[in-house]
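Asks: Coordinates in structure_25.txt, compact mmCIF, N, CA and C atoms, are listed below.
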```
# COMPACT_ATOMS: atom_id res chain seq x y z
N ARG C 1183 29.86 34.57 -23.96
CA ARG C 1183 29.03 33.43 -24.27
C ARG C 1183 29.34 32.28 -23.32
N ASP C 1184 28.31 31.49 -23.06
CA ASP C 1184 28.49 30.30 -22.22
C ASP C 1184 29.24 29.23 -22.99
N THR C 1185 30.04 28.48 -22.25
CA THR C 1185 30.71 27.33 -22.85
C THR C 1185 29.76 26.14 -22.79
N LYS C 1186 30.14 25.07 -23.47
CA LYS C 1186 29.33 23.85 -23.41
C LYS C 1186 29.26 23.34 -21.97
N THR C 1187 30.34 23.48 -21.23
CA THR C 1187 30.37 23.04 -19.84
C THR C 1187 29.41 23.87 -19.00
N ASP C 1188 29.39 25.20 -19.23
CA ASP C 1188 28.45 26.06 -18.50
C ASP C 1188 27.01 25.64 -18.78
N GLY C 1189 26.71 25.37 -20.04
CA GLY C 1189 25.37 24.94 -20.41
C GLY C 1189 24.99 23.63 -19.77
N ALA C 1190 25.91 22.69 -19.78
CA ALA C 1190 25.65 21.38 -19.18
C ALA C 1190 25.42 21.51 -17.67
N GLN C 1191 26.20 22.37 -17.01
CA GLN C 1191 26.03 22.57 -15.58
C GLN C 1191 24.68 23.22 -15.27
N ALA C 1192 24.28 24.18 -16.09
CA ALA C 1192 22.99 24.84 -15.90
C ALA C 1192 21.83 23.85 -16.09
N ILE C 1193 21.94 23.01 -17.11
CA ILE C 1193 20.92 22.00 -17.35
C ILE C 1193 20.83 21.03 -16.19
N GLU C 1194 21.97 20.60 -15.68
CA GLU C 1194 21.99 19.67 -14.55
C GLU C 1194 21.37 20.30 -13.31
N ALA C 1195 21.72 21.55 -13.03
CA ALA C 1195 21.18 22.23 -11.85
C ALA C 1195 19.66 22.40 -11.96
N LEU C 1196 19.19 22.79 -13.13
CA LEU C 1196 17.74 22.95 -13.32
C LEU C 1196 17.01 21.61 -13.27
N SER C 1197 17.64 20.58 -13.82
CA SER C 1197 17.03 19.25 -13.79
C SER C 1197 16.86 18.75 -12.37
N GLU C 1198 17.89 18.96 -11.54
CA GLU C 1198 17.81 18.54 -10.14
C GLU C 1198 16.76 19.33 -9.39
N ALA C 1199 16.72 20.64 -9.63
CA ALA C 1199 15.78 21.51 -8.90
C ALA C 1199 14.33 21.23 -9.27
N HIS C 1200 14.10 20.69 -10.45
CA HIS C 1200 12.73 20.47 -10.91
C HIS C 1200 12.46 19.01 -11.27
N ALA C 1201 13.22 18.09 -10.70
CA ALA C 1201 13.12 16.68 -11.05
C ALA C 1201 11.72 16.11 -10.85
N TRP C 1202 11.00 16.59 -9.87
CA TRP C 1202 9.68 16.04 -9.54
C TRP C 1202 8.55 17.01 -9.86
N SER C 1203 8.85 18.10 -10.53
CA SER C 1203 7.84 19.12 -10.81
C SER C 1203 6.68 18.61 -11.65
N TRP C 1204 6.90 17.57 -12.42
CA TRP C 1204 5.83 17.01 -13.24
C TRP C 1204 4.68 16.48 -12.40
N LEU C 1205 4.88 16.35 -11.08
CA LEU C 1205 3.82 15.88 -10.19
C LEU C 1205 3.03 17.04 -9.58
N GLY C 1206 3.23 18.25 -10.06
CA GLY C 1206 2.49 19.40 -9.55
C GLY C 1206 2.95 19.81 -8.16
N GLU C 1207 2.01 20.20 -7.32
CA GLU C 1207 2.32 20.69 -5.97
C GLU C 1207 3.03 19.61 -5.13
N GLU C 1208 2.58 18.39 -5.27
CA GLU C 1208 3.21 17.28 -4.55
C GLU C 1208 4.68 17.15 -4.97
N GLY C 1209 4.94 17.28 -6.25
CA GLY C 1209 6.30 17.22 -6.76
C GLY C 1209 7.17 18.35 -6.25
N LYS C 1210 6.60 19.53 -6.09
CA LYS C 1210 7.35 20.66 -5.54
C LYS C 1210 7.79 20.37 -4.11
N ARG C 1211 6.88 19.76 -3.33
CA ARG C 1211 7.22 19.42 -1.95
C ARG C 1211 8.30 18.33 -1.90
N ILE C 1212 8.22 17.37 -2.83
CA ILE C 1212 9.25 16.33 -2.91
C ILE C 1212 10.60 16.97 -3.26
N ASN C 1213 10.60 17.90 -4.21
CA ASN C 1213 11.83 18.62 -4.57
C ASN C 1213 12.43 19.33 -3.36
N GLN C 1214 11.60 19.93 -2.53
CA GLN C 1214 12.08 20.63 -1.34
C GLN C 1214 12.74 19.66 -0.36
N VAL C 1215 12.14 18.50 -0.18
CA VAL C 1215 12.70 17.51 0.74
C VAL C 1215 14.07 17.04 0.25
N LEU C 1216 14.19 16.82 -1.04
CA LEU C 1216 15.41 16.20 -1.60
C LEU C 1216 16.43 17.21 -2.12
N ALA C 1217 16.20 18.49 -1.90
CA ALA C 1217 17.11 19.53 -2.39
C ALA C 1217 18.53 19.28 -1.88
N GLY C 1218 19.47 19.33 -2.80
CA GLY C 1218 20.89 19.21 -2.44
C GLY C 1218 21.40 17.78 -2.34
N VAL C 1219 20.54 16.80 -2.55
CA VAL C 1219 20.96 15.39 -2.48
C VAL C 1219 21.18 14.88 -3.90
N ASP C 1220 22.28 14.16 -4.10
CA ASP C 1220 22.59 13.58 -5.40
C ASP C 1220 21.46 12.64 -5.82
N PRO C 1221 20.76 12.93 -6.93
CA PRO C 1221 19.63 12.09 -7.33
C PRO C 1221 20.02 10.68 -7.73
N GLU C 1222 21.30 10.43 -7.92
CA GLU C 1222 21.77 9.09 -8.27
C GLU C 1222 22.13 8.26 -7.04
N ASP C 1223 22.18 8.88 -5.87
CA ASP C 1223 22.58 8.19 -4.64
C ASP C 1223 21.33 7.76 -3.86
N GLU C 1224 20.85 6.57 -4.16
CA GLU C 1224 19.60 6.05 -3.58
C GLU C 1224 19.61 6.06 -2.05
N MET C 1225 20.71 5.64 -1.44
CA MET C 1225 20.75 5.60 0.02
C MET C 1225 20.73 7.00 0.61
N ALA C 1226 21.41 7.95 -0.02
CA ALA C 1226 21.38 9.33 0.47
C ALA C 1226 19.96 9.89 0.38
N LEU C 1227 19.24 9.56 -0.68
CA LEU C 1227 17.85 10.01 -0.82
C LEU C 1227 16.98 9.41 0.28
N LEU C 1228 17.13 8.11 0.51
CA LEU C 1228 16.36 7.44 1.57
C LEU C 1228 16.69 8.02 2.94
N GLU C 1229 17.97 8.30 3.18
CA GLU C 1229 18.36 8.88 4.47
C GLU C 1229 17.78 10.28 4.64
N ARG C 1230 17.68 11.05 3.54
CA ARG C 1230 17.06 12.37 3.63
C ARG C 1230 15.58 12.24 3.99
N TRP C 1231 14.90 11.27 3.35
CA TRP C 1231 13.49 11.03 3.71
C TRP C 1231 13.38 10.63 5.19
N ASP C 1232 14.28 9.77 5.64
CA ASP C 1232 14.27 9.32 7.03
C ASP C 1232 14.40 10.53 7.97
N GLU C 1233 15.37 11.40 7.71
CA GLU C 1233 15.57 12.59 8.54
C GLU C 1233 14.32 13.48 8.52
N HIS C 1234 13.80 13.71 7.33
CA HIS C 1234 12.63 14.59 7.17
C HIS C 1234 11.42 14.03 7.91
N LEU C 1235 11.14 12.76 7.71
CA LEU C 1235 9.94 12.17 8.32
C LEU C 1235 10.09 12.00 9.83
N ARG C 1236 11.30 11.77 10.32
CA ARG C 1236 11.51 11.70 11.77
C ARG C 1236 11.16 13.05 12.42
N ARG C 1237 11.44 14.14 11.71
CA ARG C 1237 11.13 15.47 12.24
C ARG C 1237 9.64 15.81 12.10
N GLN C 1238 8.99 15.33 11.06
CA GLN C 1238 7.66 15.80 10.72
C GLN C 1238 6.50 14.90 11.18
N LEU C 1239 6.68 13.60 11.14
CA LEU C 1239 5.59 12.69 11.48
C LEU C 1239 5.30 12.70 12.98
N LYS C 1240 4.03 12.56 13.32
CA LYS C 1240 3.59 12.47 14.70
C LYS C 1240 3.17 11.03 14.97
N PHE C 1241 3.87 10.38 15.92
CA PHE C 1241 3.62 8.97 16.23
C PHE C 1241 2.90 8.85 17.56
N PRO C 1242 2.13 7.79 17.75
CA PRO C 1242 1.69 6.82 16.75
C PRO C 1242 0.58 7.42 15.90
N PHE C 1243 0.35 6.79 14.74
CA PHE C 1243 -0.77 7.21 13.90
C PHE C 1243 -1.39 6.00 13.22
N ALA C 1244 -2.67 6.14 12.92
CA ALA C 1244 -3.42 5.06 12.27
C ALA C 1244 -3.11 5.05 10.78
N ALA C 1245 -3.00 3.85 10.24
CA ALA C 1245 -2.71 3.70 8.81
C ALA C 1245 -3.44 2.46 8.28
N VAL C 1246 -3.46 2.39 6.96
CA VAL C 1246 -4.09 1.26 6.27
C VAL C 1246 -3.06 0.71 5.30
N VAL C 1247 -2.97 -0.63 5.22
CA VAL C 1247 -2.10 -1.26 4.22
C VAL C 1247 -2.72 -0.95 2.86
N SER C 1248 -1.96 -0.25 2.01
CA SER C 1248 -2.52 0.24 0.75
C SER C 1248 -2.12 -0.59 -0.46
N GLU C 1249 -1.17 -1.47 -0.30
CA GLU C 1249 -0.68 -2.27 -1.43
C GLU C 1249 -0.91 -3.76 -1.18
N HIS C 1250 -1.17 -4.48 -2.25
CA HIS C 1250 -1.32 -5.94 -2.18
C HIS C 1250 -0.02 -6.56 -1.67
N GLN C 1251 -0.14 -7.51 -0.76
CA GLN C 1251 1.02 -8.21 -0.22
C GLN C 1251 0.98 -9.66 -0.70
N ASP C 1252 2.05 -10.11 -1.35
CA ASP C 1252 2.09 -11.49 -1.85
C ASP C 1252 2.11 -12.52 -0.73
N ARG C 1253 2.71 -12.12 0.39
CA ARG C 1253 2.80 -13.06 1.52
C ARG C 1253 2.86 -12.26 2.80
N GLY C 1254 2.74 -12.97 3.90
CA GLY C 1254 2.81 -12.33 5.20
C GLY C 1254 1.43 -12.21 5.83
N PRO C 1255 1.41 -11.79 7.09
CA PRO C 1255 0.15 -11.74 7.83
C PRO C 1255 -0.72 -10.53 7.51
N LEU C 1256 -0.18 -9.52 6.84
CA LEU C 1256 -0.93 -8.31 6.55
C LEU C 1256 -1.34 -8.27 5.08
N GLN C 1257 -2.55 -7.78 4.84
CA GLN C 1257 -3.07 -7.67 3.48
C GLN C 1257 -3.64 -6.28 3.25
N ALA C 1258 -3.82 -5.93 1.99
CA ALA C 1258 -4.39 -4.63 1.63
C ALA C 1258 -5.70 -4.42 2.37
N GLY C 1259 -5.86 -3.24 2.93
CA GLY C 1259 -7.06 -2.90 3.67
C GLY C 1259 -6.94 -3.08 5.17
N ASP C 1260 -5.93 -3.80 5.64
CA ASP C 1260 -5.76 -3.99 7.08
C ASP C 1260 -5.40 -2.66 7.75
N ARG C 1261 -6.02 -2.39 8.90
CA ARG C 1261 -5.72 -1.19 9.68
C ARG C 1261 -4.63 -1.52 10.68
N VAL C 1262 -3.67 -0.61 10.80
CA VAL C 1262 -2.54 -0.79 11.71
C VAL C 1262 -2.26 0.53 12.43
N SER C 1263 -1.43 0.45 13.44
CA SER C 1263 -0.96 1.65 14.15
C SER C 1263 0.54 1.75 13.93
N VAL C 1264 0.98 2.85 13.33
CA VAL C 1264 2.41 3.06 13.07
C VAL C 1264 3.02 3.65 14.33
N GLN C 1265 4.02 2.93 14.88
CA GLN C 1265 4.64 3.32 16.15
C GLN C 1265 5.85 4.22 15.97
N GLY C 1266 6.57 4.05 14.85
CA GLY C 1266 7.76 4.86 14.62
C GLY C 1266 8.57 4.34 13.45
N LEU C 1267 9.55 5.12 13.04
CA LEU C 1267 10.47 4.70 11.99
C LEU C 1267 11.46 3.72 12.60
N PHE C 1268 11.76 2.65 11.88
CA PHE C 1268 12.63 1.59 12.40
C PHE C 1268 13.98 1.55 11.70
N ASP C 1269 13.98 1.55 10.36
CA ASP C 1269 15.23 1.32 9.63
C ASP C 1269 15.11 1.87 8.21
N VAL C 1270 16.26 1.96 7.55
CA VAL C 1270 16.31 2.32 6.13
C VAL C 1270 16.89 1.12 5.39
N ASP C 1271 16.16 0.63 4.40
CA ASP C 1271 16.57 -0.55 3.65
C ASP C 1271 16.73 -0.16 2.18
N ASP C 1272 17.82 -0.62 1.55
CA ASP C 1272 18.07 -0.22 0.17
C ASP C 1272 17.07 -0.82 -0.82
N HIS C 1273 16.36 -1.87 -0.43
CA HIS C 1273 15.37 -2.47 -1.33
C HIS C 1273 13.93 -2.03 -1.01
N TYR C 1274 13.57 -2.03 0.27
CA TYR C 1274 12.20 -1.73 0.70
C TYR C 1274 12.00 -0.28 1.14
N GLY C 1275 13.05 0.50 1.21
CA GLY C 1275 12.92 1.89 1.62
C GLY C 1275 12.83 2.03 3.13
N LEU C 1276 12.02 2.98 3.58
CA LEU C 1276 11.86 3.21 5.01
C LEU C 1276 10.98 2.13 5.61
N ILE C 1277 11.47 1.55 6.69
CA ILE C 1277 10.74 0.50 7.40
C ILE C 1277 10.23 1.10 8.70
N VAL C 1278 8.95 0.86 8.98
CA VAL C 1278 8.34 1.38 10.20
C VAL C 1278 7.95 0.22 11.11
N SER C 1279 7.86 0.52 12.39
CA SER C 1279 7.33 -0.42 13.37
C SER C 1279 5.82 -0.19 13.44
N ILE C 1280 5.06 -1.26 13.29
CA ILE C 1280 3.60 -1.14 13.33
C ILE C 1280 3.03 -2.17 14.29
N LYS C 1281 1.82 -1.90 14.74
CA LYS C 1281 1.07 -2.85 15.56
C LYS C 1281 -0.27 -3.11 14.90
N ARG C 1282 -0.66 -4.36 14.95
CA ARG C 1282 -2.01 -4.76 14.56
C ARG C 1282 -2.50 -5.68 15.66
N GLY C 1283 -3.46 -5.19 16.42
CA GLY C 1283 -3.87 -5.92 17.60
C GLY C 1283 -2.71 -5.93 18.60
N ARG C 1284 -2.37 -7.10 19.08
CA ARG C 1284 -1.25 -7.22 20.01
C ARG C 1284 0.08 -7.53 19.32
N ARG C 1285 0.02 -7.80 18.05
CA ARG C 1285 1.22 -8.17 17.30
C ARG C 1285 1.95 -6.94 16.77
N GLN C 1286 3.27 -7.05 16.76
CA GLN C 1286 4.10 -5.96 16.24
C GLN C 1286 4.88 -6.48 15.03
N TYR C 1287 5.00 -5.64 14.01
CA TYR C 1287 5.69 -5.99 12.77
C TYR C 1287 6.58 -4.84 12.33
N HIS C 1288 7.48 -5.15 11.41
CA HIS C 1288 8.23 -4.13 10.68
C HIS C 1288 7.72 -4.20 9.24
N PHE C 1289 7.44 -3.02 8.66
CA PHE C 1289 6.72 -2.98 7.40
C PHE C 1289 7.18 -1.78 6.58
N PRO C 1290 7.22 -1.91 5.24
CA PRO C 1290 7.63 -0.77 4.40
C PRO C 1290 6.61 0.37 4.47
N LEU C 1291 7.08 1.56 4.74
CA LEU C 1291 6.20 2.72 4.80
C LEU C 1291 5.52 2.99 3.47
N CYS C 1292 6.19 2.67 2.37
CA CYS C 1292 5.62 2.94 1.04
C CYS C 1292 4.36 2.12 0.78
N ASP C 1293 4.12 1.07 1.56
CA ASP C 1293 2.92 0.24 1.38
C ASP C 1293 1.79 0.62 2.33
N LEU C 1294 1.95 1.77 3.00
CA LEU C 1294 0.94 2.24 3.94
C LEU C 1294 0.37 3.59 3.49
N GLU C 1295 -0.83 3.87 3.97
CA GLU C 1295 -1.45 5.17 3.77
C GLU C 1295 -1.99 5.62 5.12
N ALA C 1296 -1.63 6.83 5.54
CA ALA C 1296 -2.14 7.34 6.81
C ALA C 1296 -3.66 7.42 6.72
N ALA C 1297 -4.33 6.88 7.74
CA ALA C 1297 -5.80 6.84 7.75
C ALA C 1297 -6.36 8.24 7.91
N GLY C 1298 -7.28 8.59 7.07
CA GLY C 1298 -7.94 9.88 7.16
C GLY C 1298 -7.16 10.98 6.48
N GLU C 1299 -7.77 11.60 5.48
CA GLU C 1299 -7.10 12.67 4.75
C GLU C 1299 -6.85 13.88 5.62
N SER C 1300 -7.55 14.00 6.73
CA SER C 1300 -7.35 15.14 7.63
C SER C 1300 -6.17 14.91 8.59
N SER C 1301 -5.62 13.71 8.59
CA SER C 1301 -4.46 13.41 9.44
C SER C 1301 -3.28 14.28 9.04
N PRO C 1302 -2.56 14.86 10.00
CA PRO C 1302 -1.38 15.67 9.65
C PRO C 1302 -0.28 14.84 8.97
N ASN C 1303 -0.35 13.52 9.11
CA ASN C 1303 0.65 12.64 8.51
C ASN C 1303 0.27 12.19 7.10
N HIS C 1304 -0.98 12.40 6.70
CA HIS C 1304 -1.46 11.86 5.44
C HIS C 1304 -0.61 12.30 4.25
N ASP C 1305 -0.43 13.60 4.08
CA ASP C 1305 0.32 14.10 2.92
C ASP C 1305 1.79 13.69 2.97
N LEU C 1306 2.39 13.69 4.16
CA LEU C 1306 3.79 13.31 4.29
C LEU C 1306 4.02 11.87 3.84
N VAL C 1307 3.17 10.97 4.31
CA VAL C 1307 3.30 9.56 3.94
C VAL C 1307 3.02 9.38 2.45
N MET C 1308 2.02 10.08 1.93
CA MET C 1308 1.68 9.98 0.51
C MET C 1308 2.82 10.49 -0.37
N GLU C 1309 3.43 11.61 0.00
CA GLU C 1309 4.54 12.15 -0.79
C GLU C 1309 5.71 11.17 -0.83
N TYR C 1310 6.01 10.57 0.32
CA TYR C 1310 7.09 9.58 0.34
C TYR C 1310 6.74 8.39 -0.56
N ALA C 1311 5.51 7.88 -0.46
CA ALA C 1311 5.08 6.72 -1.25
C ALA C 1311 5.13 7.03 -2.75
N VAL C 1312 4.71 8.23 -3.13
CA VAL C 1312 4.74 8.63 -4.54
C VAL C 1312 6.19 8.70 -5.02
N TRP C 1313 7.07 9.31 -4.21
CA TRP C 1313 8.48 9.36 -4.58
C TRP C 1313 9.05 7.95 -4.72
N PHE C 1314 8.77 7.08 -3.75
CA PHE C 1314 9.33 5.73 -3.75
C PHE C 1314 8.88 4.97 -4.98
N ALA C 1315 7.62 5.10 -5.35
CA ALA C 1315 7.09 4.38 -6.51
C ALA C 1315 7.64 4.90 -7.83
N ASN C 1316 8.08 6.15 -7.87
CA ASN C 1316 8.53 6.77 -9.12
C ASN C 1316 10.03 7.03 -9.18
N ARG C 1317 10.77 6.57 -8.20
CA ARG C 1317 12.22 6.86 -8.17
C ARG C 1317 12.96 6.17 -9.27
```
When written as structure tokens, how does the structure in this file appear?
Replies:
Amino acid sequence: RDTKTDGAQAIEALSEAHAWSWLGEEGKRINQVLAGVDPEDEMALLERWDEHLRRQLKFPFAAVVSEHQDRGPLQAGDRVSVQGLFDVDDHYGLIVSIKRGRRQYHFPLCDLEAAGESSPNHDLVMEYAVWFANR
């Protein structure tokens, strides 16, 4: 028979493996990205996203500001060009370098949506944004 410790370990392993399954197919892909990372270690999770997206995203790509901004020069609906990943921030998540016209900014990736559902970056950016909003 299993001990209480064995049961607790099995529950923990299954919980980690299926932490995002409630989101359907998108959740399965999020689980794959975060496999093996301590779900309580926010910076380790962000660093895993950074590694994954550096390998997968194709730069530059067109994006749209998808979230309302309380302040700053960019507002929801503005079109920008994402130039690359810039930094990992414990509060704002992944920060990207973007251009709008001739101006360059640093902006949270979670507040962007890759323009065009046919873009190879669309699902990757959406999965990160969904994870960030629900972490």
Asks: Can you pull out every residue within 7 Å of region 1285-1291 of chain C, counting only N, CA and C atoms, but drop anything in the same chain fewer than 5 positions away, and send it as a PyMOL selection string?
Replies: chain C and resi 1274-1280+1307+1310-1311
Asks: What lies within 8 Å of Gly1298 (chain C) using only N, CA and C atoms, ignoring chain neighbours under 6 positions off, as a compact mmCIF listing (two decimals) with N, CA and C atoms, in the frame of the given file?
Replies:
```txt
# COMPACT_ATOMS: atom_id res chain seq x y z
N ALA C 1244 -2.67 6.14 12.92
CA ALA C 1244 -3.42 5.06 12.27
C ALA C 1244 -3.11 5.05 10.78
N ALA C 1245 -3.00 3.85 10.24
CA ALA C 1245 -2.71 3.70 8.81
C ALA C 1245 -3.44 2.46 8.28
N VAL C 1246 -3.46 2.39 6.96
CA VAL C 1246 -4.09 1.26 6.27
C VAL C 1246 -3.06 0.71 5.30
N HIS C 1304 -0.98 12.40 6.70
CA HIS C 1304 -1.46 11.86 5.44
C HIS C 1304 -0.61 12.30 4.25
N ASP C 1305 -0.43 13.60 4.08
CA ASP C 1305 0.32 14.10 2.92
C ASP C 1305 1.79 13.69 2.97
```
Asks: What's the separation between atom C of Glu1249 (chain C) and CA of Trp1231 (chain C), in Å to one decimal place?
Replies: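 Pair atom C of Glu1249 (chain C) / CA of Trp1231 (chain C) returns 21.2 Å.
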Asks: I'd like the interatomic distance between CA of Phe1314 (chain C) and CA of Ala1217 (chain C), to a tenth of an Å.
Replies: 15.9 Å
Asks: Mind giving me the straight-line distance from CA of Gln1238 (chain C) to CA of His1250 (chain C) in Å, one decimal?
Replies: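 So the two atoms, CA of Gln1238 (chain C) and CA of His1250 (chain C), lie 26.8 Å apart.
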Asks: Please provide the set of residues having any atom within 9 Å of Leu1239 (chain C), restricted to only C-alpha atoms, with same-chain residues fewer than 5 positions apart removed, written as a list of chain:residue names.
Replies: C:His1234, C:Gly1266, C:Pro1302, C:Asn1303, C:Leu1306, C:Val1307
Asks: Those residues with N, CA and C atoms, as a CSV table (one decimal), in the frame of the given file please?
Replies:
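Saved as selection.csv:
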```
chain,number,residue,atom,x,y,z
C,1234,HIS,N,13.8,13.7,7.3
C,1234,HIS,CA,12.6,14.6,7.2
C,1234,HIS,C,11.4,14.0,7.9
C,1266,GLY,N,6.6,4.0,14.8
C,1266,GLY,CA,7.8,4.9,14.6
C,1266,GLY,C,8.6,4.3,13.4
C,1302,PRO,N,-2.6,14.9,10.0
C,1302,PRO,CA,-1.4,15.7,9.6
C,1302,PRO,C,-0.3,14.8,9.0
C,1303,ASN,N,-0.4,13.5,9.1
C,1303,ASN,CA,0.6,12.6,8.5
C,1303,ASN,C,0.3,12.2,7.1
C,1306,LEU,N,2.4,13.7,4.2
C,1306,LEU,CA,3.8,13.3,4.3
C,1306,LEU,C,4.0,11.9,3.8
C,1307,VAL,N,3.2,11.0,4.3
C,1307,VAL,CA,3.3,9.6,3.9
C,1307,VAL,C,3.0,9.4,2.4
```
Asks: From a DSSP pass on the backbone, collect the residues of region 1221-1313 of chain C flagged as strand (DSSP E) and hand them back as a ChimeraX atom specification.
Replies: /C:1243-1247,1261-1271,1275-1282,1285-1290,1294-1296
Asks: Can you check which residues of region 1183-1299 of chain C DSSP gives as alpha helix (DSSP H) on the backbone and send them as JSON, numbers by chain?
Replies: {"C": [1186, 1187, 1188, 1189, 1190, 1191, 1192, 1193, 1194, 1195, 1196, 1197, 1198, 1199, 1207, 1208, 1209, 1210, 1211, 1212, 1213, 1214, 1215, 1216, 1224, 1225, 1226, 1227, 1228, 1229, 1230, 1231, 1232, 1233, 1234, 1235, 1236, 1237, 1238]}
Asks: What's the 8 Å shell around Arg1230 (chain C), counting all atoms listed in the file, without same-chain residues fewer than 6 positions away, as a PyMOL selection string?
Replies: chain C and resi 1215-1216+1219+1224+1236
Asks: From the options C:Gly1209, C:Gly1254, C:Ser1248, C:Val1270, which residue's atoms come nearest to Cys1292 (chain C), counting only C-alpha atoms?
Replies: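 Checking each of C:Gly1209, C:Gly1254, C:Ser1248, C:Val1270 against Cys1292 (chain C), counting only C-alpha atoms, the winner is C:Ser1248.
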Asks: Considering all atoms listed in the file, can you say which of C:His1273, C:Glu1309, C:Asn1316, C:Asp1293 comes closest to Val1247 (chain C)?
Replies: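 Residue with the minimum atom-to-atom distance to Val1247 (chain C): C:Asp1293.
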